[in-house]
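**Student:** Hey, dropping upload.cif in here, mmCIF, C-alpha atoms:
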```cif
data_coords
loop_
_atom_site.group_PDB
_atom_site.id
_atom_site.type_symbol
_atom_site.label_atom_id
_atom_site.label_comp_id
_atom_site.auth_asym_id
_atom_site.auth_seq_id
_atom_site.Cartn_x
_atom_site.Cartn_y
_atom_site.Cartn_z
ATOM 1 C CA MET A 1 53.575 62.043 38.831
ATOM 2 C CA LEU A 2 55.590 65.241 39.223
ATOM 3 C CA THR A 3 53.716 68.503 38.959
ATOM 4 C CA ALA A 4 55.488 71.719 37.964
ATOM 5 C CA ILE A 5 53.797 74.727 39.552
ATOM 6 C CA ASN A 6 54.460 78.354 38.678
ATOM 7 C CA PRO A 7 55.546 79.858 42.021
ATOM 8 C CA ALA A 8 54.220 83.303 41.044
ATOM 9 C CA ASN A 9 50.584 82.231 40.678
ATOM 10 C CA ASP A 10 50.393 78.563 41.774
ATOM 11 C CA GLU A 11 49.171 77.495 38.311
ATOM 12 C CA ILE A 12 50.181 74.079 37.031
ATOM 13 C CA VAL A 13 52.775 74.439 34.273
ATOM 14 C CA GLY A 14 53.066 70.740 33.497
ATOM 15 C CA GLU A 15 52.820 67.229 34.829
ATOM 16 C CA TYR A 16 55.476 64.609 34.259
ATOM 17 C CA GLU A 17 55.439 60.857 34.703
ATOM 18 C CA THR A 18 58.068 59.465 37.033
ATOM 19 C CA HIS A 19 60.218 56.519 36.028
ATOM 20 C CA THR A 20 59.394 53.047 37.274
ATOM 21 C CA ASP A 21 62.109 50.634 38.371
ATOM 22 C CA ASN A 22 61.812 48.979 34.939
ATOM 23 C CA ASP A 23 62.197 52.363 33.224
ATOM 24 C CA VAL A 24 65.378 53.015 35.196
ATOM 25 C CA GLN A 25 66.759 49.585 34.340
ATOM 26 C CA ASN A 26 66.044 50.180 30.640
ATOM 27 C CA ILE A 27 67.729 53.592 30.782
ATOM 28 C CA ILE A 28 70.840 52.074 32.339
ATOM 29 C CA GLU A 29 70.935 49.214 29.816
ATOM 30 C CA ARG A 30 70.505 51.574 26.849
ATOM 31 C CA THR A 31 73.119 53.935 28.242
ATOM 32 C CA GLN A 32 75.590 51.084 28.719
ATOM 33 C CA ALA A 33 75.004 49.852 25.158
ATOM 34 C CA THR A 34 75.463 53.375 23.800
ATOM 35 C CA TRP A 35 78.612 53.914 25.852
ATOM 36 C CA LEU A 36 80.257 50.817 24.360
ATOM 37 C CA ASP A 37 80.320 52.680 21.026
ATOM 38 C CA TRP A 38 80.691 56.229 22.403
ATOM 39 C CA ARG A 39 83.907 55.422 24.296
ATOM 40 C CA ASN A 40 85.609 54.639 20.978
ATOM 41 C CA THR A 41 84.740 57.935 19.301
ATOM 42 C CA THR A 42 87.432 60.542 18.765
ATOM 43 C CA PHE A 43 87.765 63.851 20.551
ATOM 44 C CA GLU A 44 87.179 65.509 17.186
ATOM 45 C CA PHE A 45 83.855 63.720 16.739
ATOM 46 C CA ARG A 46 82.713 64.515 20.278
ATOM 47 C CA SER A 47 83.838 68.119 19.883
ATOM 48 C CA VAL A 48 81.643 68.636 16.826
ATOM 49 C CA LEU A 49 78.607 67.329 18.712
ATOM 50 C CA MET A 50 79.391 69.399 21.800
ATOM 51 C CA HIS A 51 79.680 72.563 19.692
ATOM 52 C CA GLN A 52 76.336 71.639 18.104
ATOM 53 C CA ALA A 53 74.818 71.332 21.591
ATOM 54 C CA ALA A 54 76.096 74.834 22.379
ATOM 55 C CA GLY A 55 74.453 76.100 19.204
ATOM 56 C CA ILE A 56 71.130 74.476 20.094
ATOM 57 C CA LEU A 57 71.241 76.059 23.546
ATOM 58 C CA ARG A 58 71.893 79.502 22.083
ATOM 59 C CA LYS A 59 69.236 79.092 19.396
ATOM 60 C CA ASN A 60 66.596 78.104 21.971
ATOM 61 C CA ARG A 61 67.794 80.329 24.805
ATOM 62 C CA GLU A 62 64.594 82.369 25.051
ATOM 63 C CA SER A 63 62.253 79.383 25.230
ATOM 64 C CA TYR A 64 64.478 77.596 27.759
ATOM 65 C CA ALA A 65 64.683 80.766 29.865
ATOM 66 C CA ARG A 66 60.912 81.202 29.723
ATOM 67 C CA LEU A 67 60.409 77.631 30.949
ATOM 68 C CA MET A 68 62.801 78.158 33.876
ATOM 69 C CA SER A 69 60.965 81.352 34.773
ATOM 70 C CA LEU A 70 57.586 79.616 34.652
ATOM 71 C CA GLU A 71 58.580 76.501 36.548
ATOM 72 C CA MET A 72 60.758 77.986 39.248
ATOM 73 C CA GLY A 73 60.310 81.742 39.274
ATOM 74 C CA LYS A 74 63.839 82.422 38.058
ATOM 75 C CA LEU A 75 64.255 85.945 36.722
ATOM 76 C CA ASN A 76 64.274 85.896 32.932
ATOM 77 C CA GLY A 77 67.691 87.556 32.714
ATOM 78 C CA GLU A 78 69.171 85.021 35.120
ATOM 79 C CA ALA A 79 67.587 82.171 33.183
ATOM 80 C CA ARG A 80 69.005 83.438 29.877
ATOM 81 C CA ALA A 81 72.424 83.772 31.512
ATOM 82 C CA GLU A 82 72.196 80.194 32.782
ATOM 83 C CA VAL A 83 71.505 78.890 29.285
ATOM 84 C CA GLU A 84 74.402 80.936 27.880
ATOM 85 C CA LYS A 85 76.712 79.590 30.598
ATOM 86 C CA CYS A 86 75.731 76.059 29.553
ATOM 87 C CA ALA A 87 76.532 76.840 25.919
ATOM 88 C CA TRP A 88 79.870 78.264 27.045
ATOM 89 C CA VAL A 89 80.760 75.117 29.020
ATOM 90 C CA CYS A 90 79.923 72.965 25.990
ATOM 91 C CA ASP A 91 82.243 75.051 23.817
ATOM 92 C CA TYR A 92 84.918 75.094 26.524
ATOM 93 C CA TYR A 93 85.138 71.328 26.906
ATOM 94 C CA ALA A 94 84.742 70.781 23.171
ATOM 95 C CA ASP A 95 87.891 72.854 22.696
ATOM 96 C CA ALA A 96 89.889 71.813 25.782
ATOM 97 C CA ALA A 97 89.106 68.164 26.552
ATOM 98 C CA ALA A 98 91.668 66.621 24.213
ATOM 99 C CA ASP A 99 94.432 68.666 25.825
ATOM 100 C CA PHE A 100 93.191 67.990 29.370
ATOM 101 C CA LEU A 101 93.075 64.243 28.758
ATOM 102 C CA LYS A 102 96.185 63.660 26.661
ATOM 103 C CA ASP A 103 98.626 61.033 27.846
ATOM 104 C CA GLU A 104 101.021 62.309 30.493
ATOM 105 C CA VAL A 105 104.580 60.979 30.340
ATOM 106 C CA ILE A 106 106.116 60.367 33.754
ATOM 107 C CA GLU A 107 109.657 59.503 34.810
ATOM 108 C CA THR A 108 110.166 56.000 36.216
ATOM 109 C CA ASP A 109 112.782 53.253 36.023
ATOM 110 C CA ALA A 110 110.837 51.724 33.120
ATOM 111 C CA SER A 111 111.771 52.440 29.514
ATOM 112 C CA ARG A 112 108.525 54.364 29.037
ATOM 113 C CA SER A 113 105.860 55.305 31.558
ATOM 114 C CA PHE A 114 102.771 57.397 31.168
ATOM 115 C CA ILE A 115 99.351 58.056 32.589
ATOM 116 C CA ALA A 116 96.546 57.462 30.114
ATOM 117 C CA PHE A 117 93.065 58.780 30.748
ATOM 118 C CA GLU A 118 90.442 56.322 29.524
ATOM 119 C CA PRO A 119 86.632 56.437 29.580
ATOM 120 C CA ILE A 120 85.319 54.709 32.705
ATOM 121 C CA GLY A 121 81.634 54.169 31.909
ATOM 122 C CA ILE A 122 78.377 55.703 33.006
ATOM 123 C CA VAL A 123 78.551 58.781 35.205
ATOM 124 C CA LEU A 124 75.486 59.238 37.417
ATOM 125 C CA ALA A 125 74.618 62.719 38.617
ATOM 126 C CA VAL A 126 71.964 63.467 41.210
ATOM 127 C CA MET A 127 71.437 67.202 40.952
ATOM 128 C CA PRO A 128 69.478 69.864 42.838
ATOM 129 C CA TRP A 129 66.798 72.029 41.275
ATOM 130 C CA ASN A 130 68.182 75.557 41.647
ATOM 131 C CA PHE A 131 70.110 75.654 38.355
ATOM 132 C CA PRO A 132 68.229 73.123 36.221
ATOM 133 C CA PHE A 133 70.298 73.557 33.058
ATOM 134 C CA TRP A 134 73.681 74.357 34.594
ATOM 135 C CA GLN A 135 73.591 71.352 36.925
ATOM 136 C CA VAL A 136 73.229 69.112 33.867
ATOM 137 C CA PHE A 137 75.828 70.659 31.600
ATOM 138 C CA ARG A 138 78.515 71.231 34.231
ATOM 139 C CA PHE A 139 78.789 67.461 34.663
ATOM 140 C CA ALA A 140 77.637 66.187 31.272
ATOM 141 C CA ALA A 141 79.941 68.233 29.031
ATOM 142 C CA PRO A 142 83.222 67.029 30.575
ATOM 143 C CA ALA A 143 81.912 63.492 31.144
ATOM 144 C CA LEU A 144 80.793 63.104 27.533
ATOM 145 C CA MET A 145 83.938 64.700 26.133
ATOM 146 C CA ALA A 146 85.996 62.195 28.163
ATOM 147 C CA GLY A 147 84.167 59.356 26.399
ATOM 148 C CA ASN A 148 81.866 58.499 29.265
ATOM 149 C CA ALA A 149 78.092 58.231 29.222
ATOM 150 C CA ALA A 150 75.879 60.267 31.527
ATOM 151 C CA VAL A 151 72.659 59.624 33.417
ATOM 152 C CA LEU A 152 70.925 62.363 35.364
ATOM 153 C CA LYS A 153 68.484 62.164 38.247
ATOM 154 C CA HIS A 154 67.172 65.674 38.761
ATOM 155 C CA ALA A 155 65.615 66.753 42.033
ATOM 156 C CA SER A 156 61.867 66.289 42.020
ATOM 157 C CA ASN A 157 61.067 69.658 43.604
#
```
Written as structure tokens, that's how I'd like the structure from this file.
**Tutor:**
Amino acid sequence: MLTAINPANDEIVGEYETHTDNDVQNIIERTQATWLDWRNTTFEFRSVLMHQAAGILRKNRESYARLMSLEMGKLNGEARAEVEKCAWVCDYYADAAADFLKDEVIETDASRSFIAFEPIGIVLAVMPWNFPFWQVFRFAAPALMAGNAAVLKHASN
């Protein structure tokens, strides 16, 4: 059990069950199954979803900021800015990923040579606690836009 404690007054904000080994295995299996379809989606499809994620972040900015302030003592203005930065990174990769990952023609002795960027699978991120939203979106937005799947293990503190 993880307990979130408001650092300003030591009150319990929430308690969260931890994952068992079986839970983790199920998460990995479901993520792999999802990725098998996700990797075949187009940049256009992913871009629409990533822009929608940015919209959700902006729509819920105040409640997300309030939660960060309660759980970790982050100043409300800093928390709002963190959520906005996450929305920005979603929009950024939604707009730029196709260009970043387009095939790159290279000169060789062959009739045609190029570097192709392909989805590689599940990206695991183990992230610290200090920027709880930013640490997620800074890895998830580019990973998802590249056609990969993402699994996060946040710090427990």
**Student:** Quick one: everything within 10 Å of A:Ala143, counting all atoms listed in the file, minus sequence neighbours fewer than 3 positions away in the same chain. Send it as a PyMOL selection string.
**Tutor:** chain A and resi 93+97+119-124+137-140+146-150
**Student:** Would you mind telling me which residue in A:Ile28, A:Ala8, A:Phe117, A:Asn76 lies nearest to A:Val105 when using all atoms listed in the file?
**Tutor:**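 Using all atoms listed in the file, A:Val105 sits closest to A:Phe117.
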**Student:** Which residues fall under the PyMOL selection byres ((chain A and resi 84) around 12) in this file, as JSON, numbers by chain?
**Tutor:** {"A": [53, 54, 55, 56, 57, 58, 59, 60, 61, 62, 64, 65, 77, 78, 79, 80, 81, 82, 83, 85, 86, 87, 88, 89, 90, 91, 133, 134, 137]}
**Student:** Please determine, counting all atoms listed in the file, which residue among A:Asn26, A:Ala94, A:Phe100, A:Ile115 has the shortest atom-to-atom distance to A:Val48.
**Tutor:**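 Using all atoms listed in the file, the shortest distance to A:Val48 belongs to A:Ala94.
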**Student:** Kindly give the distance, in Å, that separates atom CA of A:Asp95 and atom CA of A:Met145, rounded to a single decimal.
**Tutor:** 9.7 Å
**Student:** Starting from the displayed file, determine the output of the PyMOL selection byres ((chain A and resi 6) around 10) and express the residue list as a list in words.
**Tutor:** Thr3, Ala4, Ile5, Pro7, Ala8, Asn9, Asp10, Glu11, Ile12, Val13, Gly14, Leu67, Met68, Ser69, Leu70, Glu71, Met72 and Gly73 of chain A
**Student:** May I have the protein, DNA and RNA residues with an atom at most 10 Å from (101.2, 61.9, 31.1), counting all atoms listed in the file in the file's coordinates, returned as a PyMOL selection string?
**Tutor:** chain A and resi 101-107+113-117
**Student:** Just to be explicit: take each residue in the selection above, keep C-alpha atoms, and write the result as an mmCIF file, in the coordinates of the input.
**Tutor:**
```cif
data_model
loop_
_atom_site.group_PDB
_atom_site.id
_atom_site.type_symbol
_atom_site.label_atom_id
_atom_site.label_comp_id
_atom_site.auth_asym_id
_atom_site.auth_seq_id
_atom_site.Cartn_x
_atom_site.Cartn_y
_atom_site.Cartn_z
ATOM 1 C CA LEU A 101 93.075 64.243 28.758
ATOM 2 C CA LYS A 102 96.185 63.660 26.661
ATOM 3 C CA ASP A 103 98.626 61.033 27.846
ATOM 4 C CA GLU A 104 101.021 62.309 30.493
ATOM 5 C CA VAL A 105 104.580 60.979 30.340
ATOM 6 C CA ILE A 106 106.116 60.367 33.754
ATOM 7 C CA GLU A 107 109.657 59.503 34.810
ATOM 8 C CA SER A 113 105.860 55.305 31.558
ATOM 9 C CA PHE A 114 102.771 57.397 31.168
ATOM 10 C CA ILE A 115 99.351 58.056 32.589
ATOM 11 C CA ALA A 116 96.546 57.462 30.114
ATOM 12 C CA PHE A 117 93.065 58.780 30.748
#
```
**Student:** If you measure from atom CA of A:Thr42 to atom CA of A:Asp99, what distance in Å do you get, rounded to one decimal?
**Tutor:**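 Separation of atom CA of A:Thr42 and atom CA of A:Asp99: 12.8 Å.
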**Student:** Grab the atom CA of A:Ala141 to atom CA of A:Glu29 distance for me, in Å with one decimal place.
**Tutor:**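 Spanning atom CA of A:Ala141 to atom CA of A:Glu29 is a straight-line distance of 21.1 Å.
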**Student:** Report as a list in words the full result of the PyMOL selection byres ((chain A and resi 152) around 7) when it is applied to this structure.
**Tutor:**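 Checking the PyMOL selection byres ((chain A and resi 152) around 7) against this file, the residues are Leu124, Ala125, Val126, Ala150, Val151, Lys153 and His154 of chain A.
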**Student:** Put those residues in a file: C-alpha atoms, as a tab-separated table (two decimals), in the coordinates of the input.
**Tutor:**
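Generated file (again_31.tsv):
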```tsv
chain	number	residue	atom	x	y	z
A	124	LEU	CA	75.49	59.24	37.42
A	125	ALA	CA	74.62	62.72	38.62
A	126	VAL	CA	71.96	63.47	41.21
A	150	ALA	CA	75.88	60.27	31.53
A	151	VAL	CA	72.66	59.62	33.42
A	153	LYS	CA	68.48	62.16	38.25
A	154	HIS	CA	67.17	65.67	38.76
```
**Student:** Here is a test: counting only C-alpha atoms, which residue of A:Asn22, A:Asp109, A:Glu118, A:Met1 is nearest to A:Asn40?
**Tutor:**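 Distance minimum relative to A:Asn40 lands on A:Glu118.
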**Student:** Let me have the centre and edge lengths in Å, one decimal, of the box along x, y and z around every listed atom of stretch 7-19 of chain A with 3 Å of margin on each side, as lines of an AutoDock Vina configuration file.
**Tutor:**
```
center_x = 54.7
center_y = 69.9
center_z = 37.8
size_x = 17.0
size_y = 32.8
size_z = 14.5
```
**Student:** Could stretch 120-156 of chain A be completed with N, CA and C atoms and written as a PDB file, keeping the file's coordinate frame, please?
**Tutor:**
```pdb
ATOM      1  N   ILE A 120      85.561  55.677  31.631  1.00  0.00           N
ATOM      2  CA  ILE A 120      85.319  54.709  32.705  1.00  0.00           C
ATOM      3  C   ILE A 120      83.916  54.113  32.689  1.00  0.00           C
ATOM      4  N   GLY A 121      82.983  54.730  31.958  1.00  0.00           N
ATOM      5  CA  GLY A 121      81.634  54.169  31.909  1.00  0.00           C
ATOM      6  C   GLY A 121      80.561  55.209  32.078  1.00  0.00           C
ATOM      7  N   ILE A 122      79.525  54.821  32.793  1.00  0.00           N
ATOM      8  CA  ILE A 122      78.377  55.703  33.006  1.00  0.00           C
ATOM      9  C   ILE A 122      78.624  56.558  34.244  1.00  0.00           C
ATOM     10  N   VAL A 123      78.452  57.850  34.087  1.00  0.00           N
ATOM     11  CA  VAL A 123      78.551  58.781  35.205  1.00  0.00           C
ATOM     12  C   VAL A 123      77.127  59.144  35.618  1.00  0.00           C
ATOM     13  N   LEU A 124      76.807  58.898  36.881  1.00  0.00           N
ATOM     14  CA  LEU A 124      75.486  59.238  37.417  1.00  0.00           C
ATOM     15  C   LEU A 124      75.589  60.555  38.168  1.00  0.00           C
ATOM     16  N   ALA A 125      74.683  61.452  37.893  1.00  0.00           N
ATOM     17  CA  ALA A 125      74.618  62.719  38.617  1.00  0.00           C
ATOM     18  C   ALA A 125      73.234  62.852  39.235  1.00  0.00           C
ATOM     19  N   VAL A 126      73.207  63.148  40.513  1.00  0.00           N
ATOM     20  CA  VAL A 126      71.964  63.467  41.210  1.00  0.00           C
ATOM     21  C   VAL A 126      72.076  64.940  41.551  1.00  0.00           C
ATOM     22  N   MET A 127      71.249  65.755  40.905  1.00  0.00           N
ATOM     23  CA  MET A 127      71.437  67.202  40.952  1.00  0.00           C
ATOM     24  C   MET A 127      70.255  67.928  41.587  1.00  0.00           C
ATOM     25  N   PRO A 128      70.541  69.049  42.248  1.00  0.00           N
ATOM     26  CA  PRO A 128      69.478  69.864  42.838  1.00  0.00           C
ATOM     27  C   PRO A 128      68.723  70.649  41.770  1.00  0.00           C
ATOM     28  N   TRP A 129      67.729  71.366  42.190  1.00  0.00           N
ATOM     29  CA  TRP A 129      66.798  72.029  41.275  1.00  0.00           C
ATOM     30  C   TRP A 129      67.164  73.467  40.950  1.00  0.00           C
ATOM     31  N   ASN A 130      68.042  74.102  41.718  1.00  0.00           N
ATOM     32  CA  ASN A 130      68.182  75.557  41.647  1.00  0.00           C
ATOM     33  C   ASN A 130      68.780  76.081  40.345  1.00  0.00           C
ATOM     34  N   PHE A 131      69.573  75.279  39.662  1.00  0.00           N
ATOM     35  CA  PHE A 131      70.110  75.654  38.355  1.00  0.00           C
ATOM     36  C   PHE A 131      69.853  74.482  37.410  1.00  0.00           C
ATOM     37  N   PRO A 132      68.634  74.349  36.915  1.00  0.00           N
ATOM     38  CA  PRO A 132      68.229  73.123  36.221  1.00  0.00           C
ATOM     39  C   PRO A 132      69.025  72.814  34.961  1.00  0.00           C
ATOM     40  N   PHE A 133      69.480  73.812  34.242  1.00  0.00           N
ATOM     41  CA  PHE A 133      70.298  73.557  33.058  1.00  0.00           C
ATOM     42  C   PHE A 133      71.768  73.420  33.453  1.00  0.00           C
ATOM     43  N   TRP A 134      72.267  74.354  34.240  1.00  0.00           N
ATOM     44  CA  TRP A 134      73.681  74.357  34.594  1.00  0.00           C
ATOM     45  C   TRP A 134      74.084  73.071  35.306  1.00  0.00           C
ATOM     46  N   GLN A 135      73.242  72.567  36.194  1.00  0.00           N
ATOM     47  CA  GLN A 135      73.591  71.352  36.925  1.00  0.00           C
ATOM     48  C   GLN A 135      73.788  70.175  35.972  1.00  0.00           C
ATOM     49  N   VAL A 136      73.079  70.174  34.864  1.00  0.00           N
ATOM     50  CA  VAL A 136      73.229  69.112  33.867  1.00  0.00           C
ATOM     51  C   VAL A 136      74.525  69.289  33.087  1.00  0.00           C
ATOM     52  N   PHE A 137      74.715  70.459  32.524  1.00  0.00           N
ATOM     53  CA  PHE A 137      75.828  70.659  31.600  1.00  0.00           C
ATOM     54  C   PHE A 137      77.180  70.719  32.289  1.00  0.00           C
ATOM     55  N   ARG A 138      77.223  71.154  33.542  1.00  0.00           N
ATOM     56  CA  ARG A 138      78.515  71.231  34.231  1.00  0.00           C
ATOM     57  C   ARG A 138      79.101  69.845  34.476  1.00  0.00           C
ATOM     58  N   PHE A 139      78.260  68.815  34.535  1.00  0.00           N
ATOM     59  CA  PHE A 139      78.789  67.461  34.663  1.00  0.00           C
ATOM     60  C   PHE A 139      78.785  66.725  33.322  1.00  0.00           C
ATOM     61  N   ALA A 140      77.772  66.967  32.502  1.00  0.00           N
ATOM     62  CA  ALA A 140      77.637  66.187  31.272  1.00  0.00           C
ATOM     63  C   ALA A 140      78.686  66.556  30.231  1.00  0.00           C
ATOM     64  N   ALA A 141      78.982  67.833  30.069  1.00  0.00           N
ATOM     65  CA  ALA A 141      79.941  68.233  29.031  1.00  0.00           C
ATOM     66  C   ALA A 141      81.308  67.578  29.243  1.00  0.00           C
ATOM     67  N   PRO A 142      81.923  67.686  30.422  1.00  0.00           N
ATOM     68  CA  PRO A 142      83.222  67.029  30.575  1.00  0.00           C
ATOM     69  C   PRO A 142      83.124  65.500  30.561  1.00  0.00           C
ATOM     70  N   ALA A 143      82.057  64.951  31.134  1.00  0.00           N
ATOM     71  CA  ALA A 143      81.912  63.492  31.144  1.00  0.00           C
ATOM     72  C   ALA A 143      81.799  62.945  29.725  1.00  0.00           C
ATOM     73  N   LEU A 144      80.970  63.567  28.911  1.00  0.00           N
ATOM     74  CA  LEU A 144      80.793  63.104  27.533  1.00  0.00           C
ATOM     75  C   LEU A 144      82.055  63.314  26.710  1.00  0.00           C
ATOM     76  N   MET A 145      82.710  64.449  26.888  1.00  0.00           N
ATOM     77  CA  MET A 145      83.938  64.700  26.133  1.00  0.00           C
ATOM     78  C   MET A 145      85.046  63.720  26.519  1.00  0.00           C
ATOM     79  N   ALA A 146      85.005  63.183  27.729  1.00  0.00           N
ATOM     80  CA  ALA A 146      85.996  62.195  28.163  1.00  0.00           C
ATOM     81  C   ALA A 146      85.655  60.789  27.673  1.00  0.00           C
ATOM     82  N   GLY A 147      84.549  60.654  26.936  1.00  0.00           N
ATOM     83  CA  GLY A 147      84.167  59.356  26.399  1.00  0.00           C
ATOM     84  C   GLY A 147      83.264  58.547  27.304  1.00  0.00           C
ATOM     85  N   ASN A 148      82.788  59.173  28.357  1.00  0.00           N
ATOM     86  CA  ASN A 148      81.866  58.499  29.265  1.00  0.00           C
ATOM     87  C   ASN A 148      80.426  58.733  28.819  1.00  0.00           C
ATOM     88  N   ALA A 149      79.524  57.996  29.412  1.00  0.00           N
ATOM     89  CA  ALA A 149      78.092  58.231  29.222  1.00  0.00           C
ATOM     90  C   ALA A 149      77.582  58.926  30.476  1.00  0.00           C
ATOM     91  N   ALA A 150      76.405  59.508  30.396  1.00  0.00           N
ATOM     92  CA  ALA A 150      75.879  60.267  31.527  1.00  0.00           C
ATOM     93  C   ALA A 150      74.405  59.955  31.743  1.00  0.00           C
ATOM     94  N   VAL A 151      74.051  59.793  33.010  1.00  0.00           N
ATOM     95  CA  VAL A 151      72.659  59.624  33.417  1.00  0.00           C
ATOM     96  C   VAL A 151      72.398  60.644  34.514  1.00  0.00           C
ATOM     97  N   LEU A 152      71.274  61.314  34.416  1.00  0.00           N
ATOM     98  CA  LEU A 152      70.925  62.363  35.364  1.00  0.00           C
ATOM     99  C   LEU A 152      69.660  61.999  36.120  1.00  0.00           C
ATOM    100  N   LYS A 153      69.687  62.238  37.423  1.00  0.00           N
ATOM    101  CA  LYS A 153      68.484  62.164  38.247  1.00  0.00           C
ATOM    102  C   LYS A 153      68.320  63.552  38.829  1.00  0.00           C
ATOM    103  N   HIS A 154      67.409  64.318  38.272  1.00  0.00           N
ATOM    104  CA  HIS A 154      67.172  65.674  38.761  1.00  0.00           C
ATOM    105  C   HIS A 154      66.329  65.620  40.030  1.00  0.00           C
ATOM    106  N   ALA A 155      66.458  66.639  40.845  1.00  0.00           N
ATOM    107  CA  ALA A 155      65.615  66.753  42.033  1.00  0.00           C
ATOM    108  C   ALA A 155      64.156  66.855  41.607  1.00  0.00           C
ATOM    109  N   SER A 156      63.282  66.302  42.396  1.00  0.00           N
ATOM    110  CA  SER A 156      61.867  66.289  42.020  1.00  0.00           C
ATOM    111  C   SER A 156      61.123  67.543  42.446  1.00  0.00           C
TER     112      SER A 156
END
```
